[in-house]
Amino acid sequence: MTDHVVTLDLDGVTDKAGLMDRCARALELPDWFGRNWDALADSLRDPSVWPEHAADKGLLVVVRNWRPYAEARPEEWAIAQEVFTEASGGGSGLTVALALGRPQP
C-alpha cells in the first residue's frame, strides 16, 4: 500500500489562523472544518474527510517550512505537534513527517 502524500507548506504562516487555513487547503477539508485544535485532530483521525483515495492508501502529510512558525509561536507549535502526534498514533493510516531541510540563513 502506497501512501497518498500531501505537502503542508507553512511558508509565511505566522499564527494559528494561518496554520488552520493552510491545513484546510492542503488536506482539502470540508467547509464545515472548525479551524481549531479539536477540529484539526478530528479531521486528521477521520479518513472520510481526507483527500480522495487517501483513505484507501493511507495518508502521509509532509510539513515543510515549519521552523519560522515554530520559532514565532512556540506554544502554538507545541500544540500542533501534539495534535499531529496523537492523530498519527491512532492506527488510522496517517503519518505526519516534518521536513527538516536546511535552516534558512
# chains A, B, ... in the order shown; residues from 1 in each chain; ligands from 1

$ select_by_dssp --residues "chain A" --states "alpha helix (DSSP H)" --output "PyMOL selection string"
chain A and resi 16-26+37-45+54-57+67-72+74-88

$ residues_around --residues "Ala17 in chain A" --least-positions-apart "2" --cutoff "12 Å" --atoms "only C-alpha atoms" --output "list in words"
Leu10, Gly12, Val13, Thr14, Asp15, Leu19, Met20, Asp21, Arg22, Cys23, Ala24, Gly34, Arg35, Asn36, Trp37, Leu40, Tyr69, Arg73 and Glu76 of chain A

$ residues_around --residues "Arg67 in chain A" --least-positions-apart "6" --cutoff "12 Å" --atoms "only C-alpha atoms" --output "ChimeraX atom specification"
/A:9-14,73-74,77-78,98-104

$ residues_around --residues "Gly58 in chain A" --least-positions-apart "5" --cutoff "7 Å" --atoms "only C-alpha atoms" --output "mmCIF file with all heavy atoms, in the first residue's frame"
data_model
loop_
_atom_site.group_PDB
_atom_site.id
_atom_site.type_symbol
_atom_site.label_atom_id
_atom_site.label_comp_id
_atom_site.auth_asym_id
_atom_site.auth_seq_id
_atom_site.Cartn_x
_atom_site.Cartn_y
_atom_site.Cartn_z
ATOM 1 N N ASP A 3 1.219 5.295 0.396
ATOM 2 C CA ASP A 3 0.508 6.423 0.991
ATOM 3 C C ASP A 3 0.201 7.503 -0.033
ATOM 4 O O ASP A 3 0.971 7.745 -0.957
ATOM 5 C CB ASP A 3 1.363 7.069 2.096
ATOM 6 C CG ASP A 3 1.454 6.227 3.355
ATOM 7 O OD1 ASP A 3 0.587 5.359 3.555
ATOM 8 O OD2 ASP A 3 2.379 6.454 4.141
ATOM 9 N N HIS A 4 -0.931 8.150 0.163
ATOM 10 C CA HIS A 4 -1.260 9.365 -0.572
ATOM 11 C C HIS A 4 -0.481 10.478 0.140
ATOM 12 O O HIS A 4 -0.585 10.633 1.353
ATOM 13 C CB HIS A 4 -2.765 9.618 -0.499
ATOM 14 C CG HIS A 4 -3.202 10.857 -1.184
ATOM 15 N ND1 HIS A 4 -3.529 10.880 -2.517
ATOM 16 C CD2 HIS A 4 -3.363 12.128 -0.736
ATOM 17 C CE1 HIS A 4 -3.887 12.106 -2.857
ATOM 18 N NE2 HIS A 4 -3.786 12.874 -1.785
ATOM 19 N N GLY A 93 -3.945 5.107 9.633
ATOM 20 C CA GLY A 93 -3.201 5.137 8.373
ATOM 21 C C GLY A 93 -2.562 6.482 8.103
ATOM 22 O O GLY A 93 -2.059 6.734 7.019
ATOM 23 N N LEU A 94 -2.580 7.362 9.105
ATOM 24 C CA LEU A 94 -1.998 8.693 8.965
ATOM 25 C C LEU A 94 -0.564 8.699 9.471
ATOM 26 O O LEU A 94 -0.266 8.155 10.532
ATOM 27 C CB LEU A 94 -2.801 9.713 9.775
ATOM 28 C CG LEU A 94 -2.208 11.118 9.869
ATOM 29 C CD1 LEU A 94 -2.320 11.831 8.524
ATOM 30 C CD2 LEU A 94 -2.878 11.914 10.962
#

$ atom_distance --atom1 "CA of Leu27 in chain A" --atom2 "CA of Val6 in chain A"
6.9 Å

$ closest_residue --among "A:Lys16, A:Ser88, A:Val96, A:Pro47" --to "Glu75 in chain A" --atoms "only C-alpha atoms"
A:Lys16

$ closest_residue --among "A:Ile79, A:Ala26, A:Ala70, A:Leu44" --to "Leu8 in chain A" --atoms "only C-alpha atoms"
A:Ala26

$ closest_residue --among "A:Leu29, A:Thr7, A:Ser48, A:Asp38" --to "Trp66 in chain A" --atoms "only C-alpha atoms"
A:Thr7

$ atom_distance --atom1 "CA of Val62 in chain A" --atom2 "CA of Val83 in chain A"
14.5 Å

$ select_by_dssp --residues "range 8-99 of chain A" --states "strand (DSSP E)" --output "tab-separated table (two decimals) with all heavy atoms, in the first residue's frame"
chain	number	residue	atom	x	y	z
A	8	LEU	N	2.09	19.93	3.39
A	8	LEU	CA	1.55	21.03	4.18
A	8	LEU	C	2.67	22.05	4.31
A	8	LEU	O	3.57	21.90	5.13
A	8	LEU	CB	1.08	20.54	5.55
A	8	LEU	CG	0.61	21.59	6.55
A	8	LEU	CD1	-0.54	22.42	5.97
A	8	LEU	CD2	0.22	20.94	7.86
A	9	ASP	N	2.65	23.06	3.45
A	9	ASP	CA	3.71	24.06	3.40
A	9	ASP	C	3.32	25.24	4.28
A	9	ASP	O	2.34	25.93	4.01
A	9	ASP	CB	3.94	24.51	1.96
A	9	ASP	CG	5.19	25.35	1.80
A	9	ASP	OD1	5.75	25.83	2.82
A	9	ASP	OD2	5.62	25.53	0.65
A	59	LEU	N	-2.42	8.08	4.48
A	59	LEU	CA	-2.13	9.48	4.22
A	59	LEU	C	-0.81	9.86	4.88
A	59	LEU	O	-0.63	9.66	6.09
A	59	LEU	CB	-3.25	10.37	4.77
A	59	LEU	CG	-3.09	11.88	4.61
A	59	LEU	CD1	-2.98	12.26	3.13
A	59	LEU	CD2	-4.26	12.60	5.26
A	60	LEU	N	0.10	10.38	4.08
A	60	LEU	CA	1.36	10.92	4.56
A	60	LEU	C	1.31	12.43	4.39
A	60	LEU	O	1.18	12.92	3.26
A	60	LEU	CB	2.55	10.34	3.78
A	60	LEU	CG	3.92	11.00	4.02
A	60	LEU	CD1	4.33	10.89	5.49
A	60	LEU	CD2	4.96	10.38	3.11
A	61	VAL	N	1.37	13.15	5.50
A	61	VAL	CA	1.40	14.61	5.47
A	61	VAL	C	2.83	15.05	5.75
A	61	VAL	O	3.37	14.75	6.82
A	61	VAL	CB	0.44	15.22	6.51
A	61	VAL	CG1	0.51	16.75	6.48
A	61	VAL	CG2	-0.99	14.76	6.27
A	62	VAL	N	3.43	15.72	4.78
A	62	VAL	CA	4.80	16.22	4.93
A	62	VAL	C	4.71	17.71	5.21
A	62	VAL	O	4.22	18.47	4.39
A	62	VAL	CB	5.64	15.95	3.67
A	62	VAL	CG1	7.05	16.51	3.84
A	62	VAL	CG2	5.68	14.46	3.35
A	63	VAL	N	5.15	18.10	6.41
A	63	VAL	CA	5.09	19.50	6.83
A	63	VAL	C	6.41	20.18	6.48
A	63	VAL	O	7.47	19.78	6.97
A	63	VAL	CB	4.81	19.62	8.34
A	63	VAL	CG1	4.63	21.08	8.73
A	63	VAL	CG2	3.58	18.79	8.73
A	64	ARG	N	6.33	21.19	5.62
A	64	ARG	CA	7.52	21.93	5.17
A	64	ARG	C	7.49	23.35	5.70
A	64	ARG	O	6.42	23.89	5.98
A	64	ARG	CB	7.54	22.00	3.64
A	64	ARG	CG	7.65	20.67	2.96
A	64	ARG	CD	7.75	20.82	1.45
A	64	ARG	NE	8.91	21.65	1.13
A	64	ARG	CZ	8.93	22.60	0.20
A	64	ARG	NH1	7.86	22.83	-0.53
A	64	ARG	NH2	10.00	23.31	-0.02
A	94	LEU	N	-2.58	7.36	9.11
A	94	LEU	CA	-2.00	8.69	8.97
A	94	LEU	C	-0.56	8.70	9.47
A	94	LEU	O	-0.27	8.16	10.53
A	94	LEU	CB	-2.80	9.71	9.77
A	94	LEU	CG	-2.21	11.12	9.87
A	94	LEU	CD1	-2.32	11.83	8.52
A	94	LEU	CD2	-2.88	11.91	10.96
A	95	THR	N	0.31	9.34	8.70
A	95	THR	CA	1.68	9.62	9.13
A	95	THR	C	1.93	11.10	8.88
A	95	THR	O	1.60	11.61	7.81
A	95	THR	CB	2.71	8.79	8.33
A	95	THR	OG1	2.42	7.40	8.52
A	95	THR	CG2	4.12	9.09	8.78
A	96	VAL	N	2.50	11.78	9.87
A	96	VAL	CA	2.88	13.18	9.69
A	96	VAL	C	4.39	13.24	9.86
A	96	VAL	O	4.94	12.77	10.85
A	96	VAL	CB	2.19	14.10	10.73
A	96	VAL	CG1	2.66	15.54	10.56
A	96	VAL	CG2	0.68	14.00	10.62
A	97	ALA	N	5.06	13.82	8.86
A	97	ALA	CA	6.52	13.93	8.89
A	97	ALA	C	6.93	15.39	8.74
A	97	ALA	O	6.36	16.12	7.93
A	97	ALA	CB	7.12	13.12	7.74
A	98	LEU	N	7.90	15.80	9.55
A	98	LEU	CA	8.43	17.15	9.43
A	98	LEU	C	9.63	17.13	8.50
A	98	LEU	O	10.59	16.40	8.74
A	98	LEU	CB	8.87	17.68	10.81
A	98	LEU	CG	7.80	17.75	11.89
A	98	LEU	CD1	8.39	18.32	13.17
A	98	LEU	CD2	6.61	18.58	11.42

$ closest_residue --among "A:Asn65, A:Ser43, A:Ser92, A:Gln81" --to "Pro30 in chain A" --atoms "only C-alpha atoms"
A:Ser43

$ decode --residues "chain A" --atoms "C-alpha atoms" --output "tab-separated table (two decimals), in the first residue's frame"
chain	number	residue	atom	x	y	z
A	1	MET	CA	0.00	0.00	0.00
A	2	THR	CA	1.43	3.38	-1.04
A	3	ASP	CA	0.51	6.42	0.99
A	4	HIS	CA	-1.26	9.36	-0.57
A	5	VAL	CA	1.17	12.27	0.02
A	6	VAL	CA	0.05	15.78	0.93
A	7	THR	CA	2.51	18.62	1.43
A	8	LEU	CA	1.55	21.03	4.18
A	9	ASP	CA	3.71	24.06	3.40
A	10	LEU	CA	3.78	26.54	6.29
A	11	ASP	CA	5.86	29.14	4.47
A	12	GLY	CA	4.57	32.54	5.56
A	13	VAL	CA	2.32	31.18	8.32
A	14	THR	CA	2.57	33.43	11.37
A	15	ASP	CA	-0.32	32.36	13.59
A	16	LYS	CA	-2.85	29.66	14.38
A	17	ALA	CA	-5.42	31.05	11.94
A	18	GLY	CA	-2.89	30.81	9.13
A	19	LEU	CA	-1.97	27.27	10.15
A	20	MET	CA	-5.62	26.22	10.16
A	21	ASP	CA	-6.24	27.82	6.76
A	22	ARG	CA	-3.20	26.08	5.31
A	23	CYS	CA	-4.29	22.72	6.80
A	24	ALA	CA	-7.80	23.16	5.39
A	25	ARG	CA	-6.45	23.89	1.93
A	26	ALA	CA	-3.71	21.24	1.82
A	27	LEU	CA	-5.88	18.48	3.27
A	28	GLU	CA	-8.95	19.53	1.27
A	29	LEU	CA	-11.01	19.66	4.45
A	30	PRO	CA	-14.77	20.31	4.20
A	31	ASP	CA	-16.21	23.80	4.55
A	32	TRP	CA	-17.53	22.91	8.00
A	33	PHE	CA	-13.98	22.37	9.33
A	34	GLY	CA	-13.95	24.35	12.60
A	35	ARG	CA	-10.39	25.76	12.34
A	36	ASN	CA	-9.48	24.91	15.93
A	37	TRP	CA	-7.22	22.27	17.51
A	38	ASP	CA	-10.01	19.80	18.25
A	39	ALA	CA	-11.41	20.06	14.74
A	40	LEU	CA	-7.94	19.54	13.26
A	41	ALA	CA	-7.37	16.48	15.44
A	42	ASP	CA	-10.77	15.05	14.49
A	43	SER	CA	-10.16	15.65	10.78
A	44	LEU	CA	-6.71	14.05	10.87
A	45	ARG	CA	-8.14	10.95	12.55
A	46	ASP	CA	-11.11	10.66	10.18
A	47	PRO	CA	-10.22	9.11	6.80
A	48	SER	CA	-13.68	10.03	5.47
A	49	VAL	CA	-12.61	13.70	5.21
A	50	TRP	CA	-9.13	13.06	3.79
A	51	PRO	CA	-8.32	13.85	0.17
A	52	GLU	CA	-9.79	11.48	-2.41
A	53	HIS	CA	-8.24	7.97	-2.38
A	54	ALA	CA	-6.20	8.68	0.77
A	55	ALA	CA	-8.47	6.58	2.95
A	56	ASP	CA	-7.67	3.55	0.78
A	57	LYS	CA	-3.92	4.18	0.58
A	58	GLY	CA	-3.06	5.84	3.87
A	59	LEU	CA	-2.13	9.48	4.22
A	60	LEU	CA	1.36	10.92	4.56
A	61	VAL	CA	1.40	14.61	5.47
A	62	VAL	CA	4.80	16.22	4.93
A	63	VAL	CA	5.09	19.50	6.83
A	64	ARG	CA	7.52	21.93	5.17
A	65	ASN	CA	8.82	25.34	6.16
A	66	TRP	CA	7.58	24.91	9.73
A	67	ARG	CA	10.60	26.34	11.58
A	68	PRO	CA	9.73	30.06	11.31
A	69	TYR	CA	6.23	29.39	12.65
A	70	ALA	CA	7.63	27.18	15.42
A	71	GLU	CA	10.06	29.91	16.44
A	72	ALA	CA	7.48	32.71	16.24
A	73	ARG	CA	4.72	30.80	18.06
A	74	PRO	CA	6.36	28.08	20.18
A	75	GLU	CA	3.25	27.47	22.33
A	76	GLU	CA	1.03	27.00	19.28
A	77	TRP	CA	3.65	24.83	17.57
A	78	ALA	CA	3.82	22.59	20.65
A	79	ILE	CA	0.04	22.08	20.44
A	80	ALA	CA	0.24	21.44	16.68
A	81	GLN	CA	2.93	18.80	17.24
A	82	GLU	CA	0.79	17.16	19.92
A	83	VAL	CA	-2.20	17.08	17.56
A	84	PHE	CA	-0.08	15.61	14.73
A	85	THR	CA	1.46	13.01	17.05
A	86	GLU	CA	-1.81	11.87	18.61
A	87	ALA	CA	-3.61	11.70	15.26
A	88	SER	CA	-0.76	9.68	13.75
A	89	GLY	CA	-0.81	7.17	16.57
A	90	GLY	CA	-4.42	6.13	16.19
A	91	GLY	CA	-3.96	3.40	13.60
A	92	SER	CA	-5.94	5.35	11.01
A	93	GLY	CA	-3.20	5.14	8.37
A	94	LEU	CA	-2.00	8.69	8.97
A	95	THR	CA	1.68	9.62	9.13
A	96	VAL	CA	2.88	13.18	9.69
A	97	ALA	CA	6.52	13.93	8.89
A	98	LEU	CA	8.43	17.15	9.43
A	99	ALA	CA	10.68	18.02	6.53
A	100	LEU	CA	13.93	19.11	8.10
A	101	GLY	CA	15.57	20.72	5.11
A	102	ARG	CA	18.37	23.18	5.52
A	103	PRO	CA	17.85	26.00	8.03
A	104	GLN	CA	17.39	29.42	6.48
A	105	PRO	CA	20.39	31.77	6.95
